[in-house]
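Chemist: Structure file structure_16.txt (compact mmCIF, C-alpha atoms) is given on the next line.
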# COMPACT_ATOMS: atom_id res chain seq x y z
CA MET A 1 -49.42 28.09 -43.90
CA THR A 2 -50.67 27.27 -40.43
CA ASP A 3 -48.57 27.52 -37.26
CA SER A 4 -48.64 23.72 -36.74
CA THR A 5 -47.39 23.12 -40.28
CA ARG A 6 -44.64 25.68 -39.83
CA ALA A 7 -43.63 24.08 -36.49
CA SER A 8 -43.54 20.64 -38.13
CA MET A 9 -41.32 21.90 -40.93
CA ASP A 10 -39.02 23.63 -38.43
CA LYS A 11 -38.72 20.41 -36.42
CA LYS A 12 -37.85 18.39 -39.53
CA SER A 13 -35.26 20.96 -40.48
CA THR A 14 -33.79 20.88 -36.95
CA LEU A 15 -33.69 17.06 -36.95
CA ALA A 16 -31.87 17.01 -40.28
CA TRP A 17 -29.39 19.59 -39.00
CA LEU A 18 -28.81 17.63 -35.76
CA ARG A 19 -28.10 14.44 -37.70
CA ARG A 20 -25.57 16.27 -39.88
CA ILE A 21 -23.63 17.68 -36.93
CA SER A 22 -23.96 14.66 -34.57
CA GLY A 23 -20.43 13.59 -35.46
CA ASP A 24 -19.05 17.05 -34.67
CA ILE A 25 -20.92 17.07 -31.35
CA ALA A 26 -19.46 13.66 -30.42
CA THR A 27 -15.94 14.82 -31.29
CA ALA A 28 -16.34 18.00 -29.25
CA THR A 29 -17.72 16.00 -26.32
CA LEU A 30 -14.78 13.58 -26.26
CA ARG A 31 -12.33 16.48 -26.47
CA ARG A 32 -14.02 18.21 -23.56
CA LEU A 33 -14.01 14.98 -21.53
CA GLU A 34 -10.22 14.80 -21.88
CA ASP A 35 -9.82 18.46 -20.98
CA THR A 36 -12.14 18.66 -17.97
CA LEU A 37 -12.27 15.18 -16.37
CA PRO A 38 -8.90 13.89 -15.05
CA TRP A 39 -10.33 10.44 -14.29
CA TYR A 40 -11.28 10.02 -17.95
CA SER A 41 -7.74 10.75 -19.16
CA ASP A 42 -6.28 8.30 -16.63
CA MET A 43 -8.46 5.43 -17.81
CA PRO A 44 -7.09 2.53 -19.90
CA PRO A 45 -7.87 2.91 -23.61
CA ALA A 46 -10.57 0.20 -23.61
CA ARG A 47 -12.54 1.82 -20.80
CA ARG A 48 -12.07 5.30 -22.27
CA SER A 49 -13.52 3.97 -25.50
CA ALA A 50 -16.49 2.51 -23.59
CA VAL A 51 -17.17 5.87 -21.94
CA GLY A 52 -17.01 7.49 -25.38
CA LEU A 53 -19.59 5.01 -26.63
CA VAL A 54 -21.92 6.04 -23.82
CA ALA A 55 -21.50 9.73 -24.73
CA GLN A 56 -22.11 9.07 -28.43
CA ALA A 57 -25.15 6.90 -27.60
CA GLY A 58 -26.51 9.76 -25.54
CA ILE A 59 -26.22 12.18 -28.44
CA THR A 60 -27.84 9.75 -30.89
CA SER A 61 -30.62 8.93 -28.42
CA PHE A 62 -31.37 12.60 -27.90
CA ILE A 63 -31.92 13.06 -31.62
CA GLU A 64 -34.28 10.05 -31.68
CA TRP A 65 -36.09 11.30 -28.59
CA TYR A 66 -36.43 14.79 -30.07
CA GLU A 67 -38.20 13.21 -32.99
CA ASP A 68 -40.61 11.29 -30.68
CA PRO A 69 -40.51 12.32 -26.96
CA ARG A 70 -42.86 9.46 -26.02
CA GLU A 71 -39.90 7.05 -26.28
CA THR A 72 -38.07 8.64 -23.32
CA PRO A 73 -37.80 5.63 -20.97
CA THR A 74 -36.67 3.16 -23.63
CA ILE A 75 -34.18 5.43 -25.39
CA ALA A 76 -32.64 6.74 -22.16
CA ALA A 77 -32.11 3.19 -20.88
CA ASP A 78 -30.49 2.20 -24.18
CA ILE A 79 -27.70 4.71 -23.59
CA PHE A 80 -26.13 2.59 -20.86
CA ALA A 81 -26.67 -0.64 -22.75
CA ALA A 82 -23.90 0.53 -25.11
CA ALA A 83 -21.32 0.18 -22.33
CA PRO A 84 -19.88 -3.15 -21.15
CA ARG A 85 -21.12 -4.42 -17.77
CA GLU A 86 -17.74 -3.99 -16.06
CA LEU A 87 -17.95 -0.22 -16.68
CA LEU A 88 -20.38 0.05 -13.76
CA ARG A 89 -17.61 -1.21 -11.47
CA SER A 90 -15.00 1.24 -12.77
CA VAL A 91 -17.10 4.42 -13.22
CA SER A 92 -18.96 5.77 -10.20
CA LEU A 93 -22.39 7.38 -10.27
CA GLN A 94 -20.78 10.76 -9.59
CA GLN A 95 -18.50 10.32 -12.60
CA THR A 96 -21.45 9.28 -14.76
CA LEU A 97 -23.32 12.46 -13.84
CA GLN A 98 -20.19 14.46 -14.69
CA LEU A 99 -20.22 12.72 -18.07
CA VAL A 100 -23.84 13.77 -18.61
CA ARG A 101 -23.03 17.36 -17.63
CA VAL A 102 -20.05 17.61 -20.03
CA THR A 103 -22.09 16.12 -22.87
CA VAL A 104 -24.92 18.58 -22.30
CA ASP A 105 -22.50 21.52 -22.17
CA ALA A 106 -20.91 20.45 -25.46
CA MET A 107 -24.31 20.11 -27.12
CA GLU A 108 -25.48 23.49 -25.78
CA GLU A 109 -22.55 25.19 -27.49
CA LYS A 110 -23.33 23.47 -30.78
CA VAL A 111 -27.07 24.19 -30.76
CA ALA A 112 -26.78 27.76 -29.52
CA GLY A 113 -28.87 30.02 -31.71
CA ARG A 114 -31.30 27.33 -32.89
CA GLY A 115 -34.03 28.45 -30.51
CA GLU A 116 -35.11 28.02 -26.92
CA HIS A 117 -37.35 25.08 -27.84
CA LEU A 118 -34.36 22.90 -28.75
CA ARG A 119 -32.41 23.96 -25.66
CA GLU A 120 -35.35 23.20 -23.36
CA ALA A 121 -35.82 19.81 -25.00
CA MET A 122 -32.16 19.02 -24.47
CA LEU A 123 -32.30 19.98 -20.79
CA LEU A 124 -35.44 17.91 -20.28
CA TYR A 125 -33.81 14.91 -21.89
CA SER A 126 -30.64 15.30 -19.82
CA ARG A 127 -32.80 15.16 -16.69
CA GLU A 128 -34.30 11.88 -17.86
CA VAL A 129 -30.83 10.49 -18.55
CA ALA A 130 -29.65 11.49 -15.07
CA PHE A 131 -32.60 9.69 -13.46
CA THR A 132 -31.95 6.66 -15.63
CA ALA A 133 -28.30 6.62 -14.56
CA ALA A 134 -29.33 6.73 -10.92
CA ASP A 135 -31.73 3.83 -11.50
CA VAL A 136 -29.04 1.76 -13.23
CA TYR A 137 -26.61 2.25 -10.37
CA ALA A 138 -29.29 1.64 -7.76
CA ARG A 139 -30.17 -1.70 -9.36
CA ALA A 140 -26.50 -2.62 -9.56
CA ALA A 141 -26.01 -1.70 -5.88
CA GLU A 142 -29.05 -3.75 -4.87
CA SER A 143 -27.80 -6.74 -6.82
CA ARG A 144 -24.34 -6.29 -5.32
CA GLY A 145 -25.84 -6.03 -1.83
CA LEU A 146 -27.75 -9.30 -2.23
CA TRP A 147 -24.62 -10.99 -3.55
CA ASP A 148 -22.52 -9.62 -0.68
CA ALA A 149 -25.09 -10.84 1.85
CA ARG A 150 -25.01 -14.37 0.38
CA LEU A 151 -21.22 -14.35 0.23
CA GLU A 152 -20.97 -13.06 3.82
CA ALA A 153 -23.33 -15.80 5.02
CA LEU A 154 -21.18 -18.38 3.21
CA VAL A 155 -17.97 -17.06 4.79
CA VAL A 156 -19.45 -17.02 8.30
CA ASP A 157 -20.81 -20.54 7.82
CA THR A 158 -17.38 -21.70 6.64
CA ILE A 159 -15.80 -20.20 9.75
CA LEU A 160 -18.33 -21.84 12.06
CA THR A 161 -18.01 -25.28 10.50
CA GLY A 162 -14.22 -25.07 10.23
CA GLU A 163 -14.35 -26.25 6.62
CA ALA A 164 -11.98 -23.57 5.29
CA ASP A 165 -10.54 -24.08 1.82
CA ASP A 166 -8.21 -22.24 -0.54
CA GLU A 167 -11.07 -19.99 -1.68
CA LEU A 168 -11.73 -18.50 1.78
CA PRO A 169 -9.10 -15.70 1.49
CA SER A 170 -10.46 -14.60 -1.90
CA ARG A 171 -14.03 -14.61 -0.58
CA ILE A 172 -12.95 -12.53 2.40
CA ALA A 173 -11.21 -10.06 0.07
CA ALA A 174 -14.32 -9.83 -2.13
CA LEU A 175 -16.33 -8.72 0.91
CA GLY A 176 -13.96 -5.79 1.45
CA TRP A 177 -12.71 -7.06 4.80
CA HIS A 178 -10.46 -4.39 6.34
CA GLY A 179 -9.25 -6.42 9.31
CA HIS A 180 -5.54 -7.13 9.29
CA GLY A 181 -4.99 -8.27 12.85
CA GLU A 182 -6.54 -10.27 15.65
CA VAL A 183 -10.00 -11.81 15.37
CA SER A 184 -12.61 -13.06 17.82
CA VAL A 185 -16.06 -14.59 17.35
CA LEU A 186 -19.08 -13.40 19.35
CA VAL A 187 -22.20 -15.61 19.58
CA GLY A 188 -25.58 -14.66 21.01
CA THR A 189 -29.28 -14.65 20.23
CA THR A 190 -30.92 -12.75 17.38
CA PRO A 191 -33.23 -9.91 18.49
CA SER A 192 -36.75 -9.67 17.11
CA MET A 193 -35.82 -6.44 15.30
CA PHE A 194 -32.25 -6.68 14.03
CA ASP A 195 -30.60 -3.73 12.25
CA VAL A 196 -27.49 -4.92 10.38
CA ASP A 197 -26.42 -1.42 9.34
CA GLN A 198 -26.58 -0.15 12.91
CA VAL A 199 -24.27 -2.95 14.06
CA ARG A 200 -21.79 -2.16 11.28
CA ARG A 201 -21.78 1.55 12.14
CA ARG A 202 -21.20 0.80 15.80
CA ALA A 203 -18.40 -1.64 14.96
CA ARG A 204 -16.64 0.96 12.79
CA LYS A 205 -16.76 3.47 15.65
CA LEU A 206 -15.14 0.85 17.89
CA GLY A 207 -12.30 0.32 15.40
CA VAL A 208 -13.25 -3.19 14.29
CA ASP A 209 -14.48 -4.78 11.11
CA VAL A 210 -17.34 -7.25 11.35
CA LEU A 211 -18.87 -10.17 9.47
CA ILE A 212 -22.48 -10.89 10.44
CA GLY A 213 -24.24 -14.23 10.30
CA VAL A 214 -27.90 -14.69 11.25
CA GLN A 215 -28.70 -18.37 11.70
CA GLY A 216 -32.26 -18.52 12.92
CA SER A 217 -32.29 -17.62 16.60
CA ARG A 218 -28.48 -17.44 16.72
CA LEU A 219 -26.54 -14.29 15.84
CA VAL A 220 -22.81 -14.59 15.07
CA LEU A 221 -20.39 -11.67 14.76
CA VAL A 222 -16.83 -12.20 13.53
CA LEU A 223 -14.85 -9.25 14.89
CA GLY A 224 -11.47 -8.18 13.52
CA ARG A 225 -9.09 -5.32 14.17
CA ALA A 226 -9.65 -2.79 11.38
CA GLU A 227 -6.01 -1.82 10.93
CA ASP A 228 -4.31 -0.39 7.86
CA PRO A 229 -1.27 -2.56 7.01
CA GLY A 230 0.50 0.54 5.68
CA GLN A 231 0.37 2.23 9.08
CA GLU A 232 2.37 1.47 12.16
CA PRO A 233 0.50 -0.76 14.63
CA THR A 234 -1.21 1.06 17.44
CA GLN A 235 -0.28 0.53 21.06
CA ASP A 236 -2.28 -2.11 22.92
CA ASP A 237 -3.18 0.48 25.56
CA ASP A 238 -5.00 2.51 22.91
CA GLN A 239 -7.14 -0.41 21.76
CA LEU A 240 -10.29 -1.75 23.31
CA SER A 241 -10.12 -5.40 24.25
CA PHE A 242 -12.48 -7.73 22.44
CA LEU A 243 -14.38 -8.17 25.71
CA ASP A 244 -14.90 -4.40 25.90
CA ILE A 245 -16.00 -4.39 22.26
CA ALA A 246 -18.43 -7.23 22.97
CA SER A 247 -19.86 -5.22 25.87
CA GLU A 248 -20.43 -2.25 23.55
CA LEU A 249 -22.20 -4.46 21.00
CA GLU A 250 -24.25 -6.31 23.64
CA PRO A 251 -27.41 -4.14 23.21
CA HIS A 252 -27.69 -5.32 19.59
CA PHE A 253 -28.27 -8.94 20.68
CA GLY A 254 -31.44 -10.53 21.93
CA ALA A 255 -32.07 -11.78 25.46
CA GLY A 256 -29.95 -14.69 26.63
CA HIS A 257 -26.31 -15.52 26.94
CA LEU A 258 -23.55 -13.85 24.93
CA VAL A 259 -20.27 -15.72 24.52
CA LEU A 260 -16.96 -14.38 23.20
CA GLY A 261 -14.45 -16.81 21.72
CA PRO A 262 -10.70 -16.57 22.35
CA THR A 263 -8.57 -14.22 20.28
CA VAL A 264 -6.83 -15.69 17.22
CA PRO A 265 -4.12 -14.07 15.04
CA ALA A 266 -6.07 -13.71 11.77
CA LEU A 267 -9.43 -14.28 10.09
CA VAL A 268 -8.29 -17.54 8.49
CA ASP A 269 -7.85 -18.89 12.05
CA ALA A 270 -11.28 -17.72 13.20
CA SER A 271 -12.74 -21.24 13.19
CA ARG A 272 -10.84 -21.97 16.45
CA SER A 273 -12.49 -19.00 18.14
CA ALA A 274 -15.85 -19.97 16.62
CA ARG A 275 -15.69 -23.53 17.95
CA ALA A 276 -14.97 -22.28 21.46
CA SER A 277 -17.70 -19.62 21.41
CA LEU A 278 -20.31 -22.04 20.05
CA ALA A 279 -19.39 -24.65 22.67
CA GLY A 280 -19.60 -22.00 25.39
CA PHE A 281 -22.94 -20.74 24.10
CA ALA A 282 -24.34 -24.28 24.29
CA VAL A 283 -23.51 -24.66 28.01
CA ALA A 284 -23.66 -21.04 29.26
CA ALA A 285 -27.00 -21.67 30.99
CA SER A 286 -25.28 -24.12 33.38
CA TRP A 287 -23.40 -21.22 35.06
CA ARG A 288 -25.97 -19.35 37.09
CA GLY A 289 -23.86 -16.25 37.53
CA ALA A 290 -22.47 -16.04 34.02
CA PRO A 291 -21.89 -12.40 33.03
CA ARG A 292 -23.06 -10.97 29.71
CA PRO A 293 -20.90 -11.15 27.72
CA VAL A 294 -18.83 -14.04 29.03
CA GLU A 295 -15.59 -15.36 27.58
CA ALA A 296 -15.67 -18.91 26.28
CA ASP A 297 -12.57 -19.75 28.32
CA ASP A 298 -14.45 -18.87 31.51
CA LEU A 299 -16.81 -21.74 30.66
CA LEU A 300 -14.06 -24.36 30.33
CA PRO A 301 -15.38 -26.60 33.17
CA GLU A 302 -18.91 -26.71 31.72
CA ARG A 303 -17.60 -27.26 28.22
CA SER A 304 -15.37 -30.11 29.42
CA LEU A 305 -18.28 -31.82 31.17
CA ALA A 306 -20.26 -31.52 27.93
CA GLY A 307 -17.48 -33.38 26.11
CA ASP A 308 -15.75 -30.47 24.38
CA VAL A 309 -12.34 -31.85 23.45
CA LEU A 310 -10.94 -28.37 22.83
CA ALA A 311 -11.88 -27.28 26.36
CA LYS A 312 -10.25 -30.35 27.88
CA GLN A 313 -7.04 -29.75 25.94
CA THR A 314 -7.06 -26.06 26.90
CA LEU A 315 -7.38 -26.82 30.62
CA VAL A 316 -4.62 -29.43 30.58
CA GLU A 317 -2.25 -27.28 28.52
CA ARG A 318 -2.89 -24.03 30.40
CA VAL A 319 -3.14 -25.35 33.96
CA TYR A 320 -1.97 -28.88 34.62
CA ARG A 321 1.13 -29.10 32.45
CA PRO A 322 2.58 -25.67 33.36
CA LEU A 323 2.20 -26.45 37.07
CA GLU A 324 3.57 -29.96 36.70
CA GLY A 325 6.52 -28.66 34.70
CA HIS A 326 7.23 -25.90 37.21
CA SER A 327 7.10 -27.81 40.49
CA THR A 328 5.42 -30.90 41.89
CA ASP A 329 4.95 -28.98 45.16
CA LEU A 330 2.62 -26.57 43.41
CA VAL A 331 0.45 -29.40 42.03
CA THR A 332 0.38 -31.17 45.41
CA THR A 333 -0.47 -27.98 47.30
CA LEU A 334 -3.22 -27.03 44.84
CA TRP A 335 -4.76 -30.52 45.03
CA SER A 336 -4.72 -30.45 48.82
CA TYR A 337 -6.07 -26.90 49.03
CA LEU A 338 -9.01 -27.68 46.78
CA ASP A 339 -9.75 -31.05 48.41
CA ASN A 340 -9.81 -29.39 51.84
CA GLY A 341 -12.44 -26.85 50.89
CA ARG A 342 -9.93 -24.05 50.23
CA SER A 343 -8.82 -24.02 53.87
CA LEU A 344 -5.26 -22.81 54.46
CA GLU A 345 -5.03 -24.41 57.91
CA ALA A 346 -6.30 -27.83 56.81
CA THR A 347 -3.94 -27.79 53.82
CA ALA A 348 -1.00 -26.82 56.04
CA ARG A 349 -1.76 -29.69 58.45
CA GLU A 350 -1.99 -32.21 55.62
CA LEU A 351 1.28 -31.10 54.07
CA PHE A 352 3.09 -30.50 57.40
CA VAL A 353 3.97 -26.94 56.45
CA HIS A 354 3.15 -23.49 57.78
CA PRO A 355 -0.02 -21.77 56.48
CA ASN A 356 2.20 -18.97 55.11
CA THR A 357 3.97 -21.58 52.98
CA VAL A 358 0.62 -22.68 51.56
CA ARG A 359 -0.27 -19.04 50.91
CA TYR A 360 3.06 -18.49 49.14
CA ARG A 361 2.64 -21.59 46.95
CA LEU A 362 -0.87 -20.54 45.95
CA LYS A 363 0.51 -17.18 44.94
CA ARG A 364 3.10 -19.00 42.82
CA VAL A 365 0.28 -21.01 41.23
CA SER A 366 -1.44 -17.76 40.30
CA ASP A 367 1.79 -16.35 38.88
CA VAL A 368 2.39 -19.44 36.73
CA ILE A 369 -1.08 -19.97 35.24
CA GLY A 370 -2.88 -16.65 35.82
CA TRP A 371 -5.80 -18.09 37.81
CA ASP A 372 -6.31 -17.51 41.54
CA ALA A 373 -7.33 -20.66 43.42
CA THR A 374 -8.82 -18.66 46.30
CA GLY A 375 -11.83 -17.58 44.20
CA PRO A 376 -14.79 -20.01 44.01
CA ARG A 377 -15.21 -19.83 40.23
CA GLU A 378 -11.51 -20.11 39.47
CA ALA A 379 -11.18 -22.92 42.00
CA LEU A 380 -13.73 -24.89 39.95
CA ILE A 381 -11.72 -24.25 36.79
CA LEU A 382 -8.47 -25.37 38.42
CA GLN A 383 -9.96 -28.47 40.02
CA THR A 384 -11.43 -29.52 36.68
CA ALA A 385 -8.03 -29.02 35.06
CA LEU A 386 -6.31 -31.13 37.72
CA ILE A 387 -8.82 -33.94 37.26
CA LEU A 388 -8.46 -33.90 33.48
CA GLY A 389 -4.67 -33.69 33.67
CA SER A 390 -4.37 -36.57 36.12
CA ILE A 391 -6.67 -38.96 34.26
CA GLY A 392 -4.52 -41.75 32.90
CA SER A 393 -1.42 -40.46 34.62
CA SER A 394 0.71 -42.79 36.69
CA ASP A 395 1.24 -39.95 39.14
CA VAL A 396 -2.36 -39.80 40.33
CA ALA A 397 -1.54 -41.62 43.53
CA LYS A 398 1.08 -39.00 44.39
CA ARG A 399 -1.43 -36.22 44.72
CA ARG A 400 -2.14 -37.19 48.37
CA PRO A 401 0.57 -37.84 50.97
CA ALA A 402 0.84 -41.26 52.58
CA THR A 403 -0.01 -39.75 55.95
CA ARG A 404 -3.50 -38.88 54.75
CA ARG A 405 -4.14 -42.51 53.75
CA ALA A 406 -2.79 -43.64 57.15
CA GLU A 407 -5.24 -41.32 58.89
CA ARG A 408 -8.13 -42.98 57.07
CA ARG A 409 -7.05 -46.40 58.35
Spit out the file's structure as structure tokens when you get a sec.

Modeler:
Amino acid sequence: MTDSTRASMDKKSTLAWLRRISGDIATATLRRLEDTLPWYSDMPPARRSAVGLVAQAGITSFIEWYEDPRETPTIAADIFAAAPRELLRSVSLQQTLQLVRVTVDAMEEKVAGRGEHLREAMLLYSREVAFTAADVYARAAESRGLWDARLEALVVDTILTGEADDELPSRIAALGWHGHGEVSVLVGTTPSMFDVDQVRRRARKLGVDVLIGVQGSRLVLVLGRAEDPGQEPTQDDDQLSFLDIASELEPHFGAGHLVLGPTVPALVDASRSARASLAGFAVAASWRGAPRPVEADDLLPERSLAGDVLAKQTLVERVYRPLEGHSTDLVTTLWSYLDNGRSLEATARELFVHPNTVRYRLKRVSDVIGWDATGPREALILQTALILGSIGSSDVAKRRPATRRAERR
């Protein structure tokens, strides 16, 4: 009897023996899974059964592969076909490799003493299974990444258009959004070489979560406070402002203007911030000295001239109405001060008061609305607000004293 004939007979004998004890190997494997892997014992019965099917398929596939090693790729891939698709979402790659290790250990105990050839074959096959598992999870991750990118683009587009519906919260949750607090929208230009992962890493270091939308030459970031609702809120002094965060993220944008929308309470309200930032981005070039980044509310005059209804309402509600409700003297003094080229003396002469009185009233204006009329940029904002607030008002004629009209005659 030749050596090849003897080897063939030994292989047939080994195959027959493996088929007889395959049930015992499967039972021993499942028992060891329960004893050594806590996550397996904690699984619901249906998923535990699915994991058991994968282990049994691995044992059966090894026997088939041992009979014909040329079938390695097909048989190894068939192992994971035995499990339902949702198992990939409940069992991690690390847990799958632990499953392979436990199965191999159980088989090694059963085949001990049958020769080094069988043990080496089993180890070689386990390596192929491990590579196949990695490939399965890599394909699933790639598919998930493409789906997440499409879903993220849809969410950002919904925020920008303001067409939010009942499905927006569930879409946000599906993306794994960790923001549970304030939100702001940052709009700029897309760089020629844009690294999404680098932006996400930088945002995490800054303590914010981010949704990214690339719309041609326009890059949109939806920034949210990455807070854990189970923890106590952090002090405001410990948090970077959204303007500071925008400054840190500025290098990731292309050349051009960078506009930050106003802060809103939650992601579902982000469309208000998006509208303001988009409107500001459209007119930012009209302010020669615009900083980078610039807040959308600092572009209220330009936005109002461009017909932005939100900007007009913001100016009237934040400047004109608070001053009008506080004191007519403040409105009159501000009108006169701005009309007289921000001259204290000319304003004092027009109003028949001392320059210190004008200075005091201007300070009161700043206290009430937060803007200082003595600065050239803020003076433009306030004058635009006064014009918008007085349009259609019956009190327009009261903004100048009768003495000024008499002087003209």

Chemist: Give me, please, the distance in Å between atom CA of Ile172 of chain A and atom CA of Thr158 of chain A, quoted to one decimal.

Modeler: 11.0 Å

Chemist: Give the answer as one residue: which of A:Ala346, A:Ala279, A:Leu221, A:Val54 has the shortest atom-to-atom distance to Asp308 of chain A, using all atoms listed in the file?

Modeler: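 For Asp308 of chain A, the nearest of the given residues is A:Ala279.
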
Chemist: Record the distance separating atom CA of Thr314 of chain A and atom CA of Ser271 of chain A, expressed in Å with one decimal.

Modeler: 15.6 Å

Chemist: Which residues are close to segment 189-194 of chain A, i.e. within 7 Å by only C-alpha atoms, leaving aside same-chain residues fewer than 2 positions away? Reply as an MDAnalysis selection string.

Modeler: chainID A and resid 196 217:219 253:256

Chemist: Using C-alpha atoms, can you write the selected residues to a file as a PDB file, in the coordinates of the input?

Modeler:
ATOM      1  CA  VAL A 196     -27.490  -4.920  10.380  1.00  0.00           C
ATOM      2  CA  SER A 217     -32.290 -17.620  16.600  1.00  0.00           C
ATOM      3  CA  ARG A 218     -28.480 -17.440  16.720  1.00  0.00           C
ATOM      4  CA  LEU A 219     -26.540 -14.290  15.840  1.00  0.00           C
ATOM      5  CA  PHE A 253     -28.270  -8.940  20.680  1.00  0.00           C
ATOM      6  CA  GLY A 254     -31.440 -10.530  21.930  1.00  0.00           C
ATOM      7  CA  ALA A 255     -32.070 -11.780  25.460  1.00  0.00           C
ATOM      8  CA  GLY A 256     -29.950 -14.690  26.630  1.00  0.00           C
TER       9      GLY A 256
END

Chemist: Record the distance separating atom CA of Leu305 of chain A and atom CA of Arg361 of chain A, expressed in Å with one decimal.

Modeler: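 Computing it gives 28.1 Å between the two atoms.
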
Chemist: Taking only C-alpha atoms into account, which of A:Gly207, A:Thr60, A:Phe281, A:Gly261 comes nearest Leu240 of chain A?

Modeler: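 Smallest distance to Leu240 of chain A is found for A:Gly207.
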
Chemist: Please provide the set of residues having any atom within 10 Å of Val222 of chain A, restricted to only C-alpha atoms, with same-chain residues fewer than 3 positions apart removed, written as an MDAnalysis selection string.

Modeler: chainID A and resid 156 159:160 183:187 208:213 260:261 267 270:271 273:274

Chemist: Counting all atoms listed in the file, find residues at most 12 Å from (-5.3, -26.9, 45.6) (file frame) and give them as a ChimeraX atom specification.

Modeler: /A:319-320,323,329-344,346-348,350-351,358-359,361-366,371-376,378-387,399-400

Chemist: May I ask which of the residues A:Val309, A:Ala284, A:Val259, A:Ala266 is the closest one to Ala226 of chain A, counting only C-alpha atoms?

Modeler: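 Using only C-alpha atoms, the shortest distance to Ala226 of chain A belongs to A:Ala266.
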
Chemist: Any idea what's packed within 9 Å of segment 98-108 of chain A, counting only C-alpha atoms, ignoring anything in its chain fewer than 2 positions away? Could you give it as a VMD selection string?

Modeler: chain A and resid 25 to 26 28 to 30 32 to 33 36 to 37 51 54 to 56 58 to 59 93 to 96 110 to 112 119 122 to 123 126 129 to 130

Chemist: Once 4 Å is added on each side, what are the centre and the three edge lengths, in Å to one decimal, of the axis-aligned box enclosing the listed atoms of segment 37-53 of chain A? Present them as JSON.

Modeler:
{"center_x": -12.9, "center_y": 7.7, "center_z": -20.5, "size_x": 21.3, "size_y": 23.0, "size_z": 20.3}

Chemist: Nearest residue to Arg171 of chain A out of A:Leu300, A:Leu124, A:Val268, A:Leu15, using all atoms listed in the file?

Modeler: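 When distances to Arg171 of chain A are compared using all atoms listed in the file, the smallest one comes from A:Val268.
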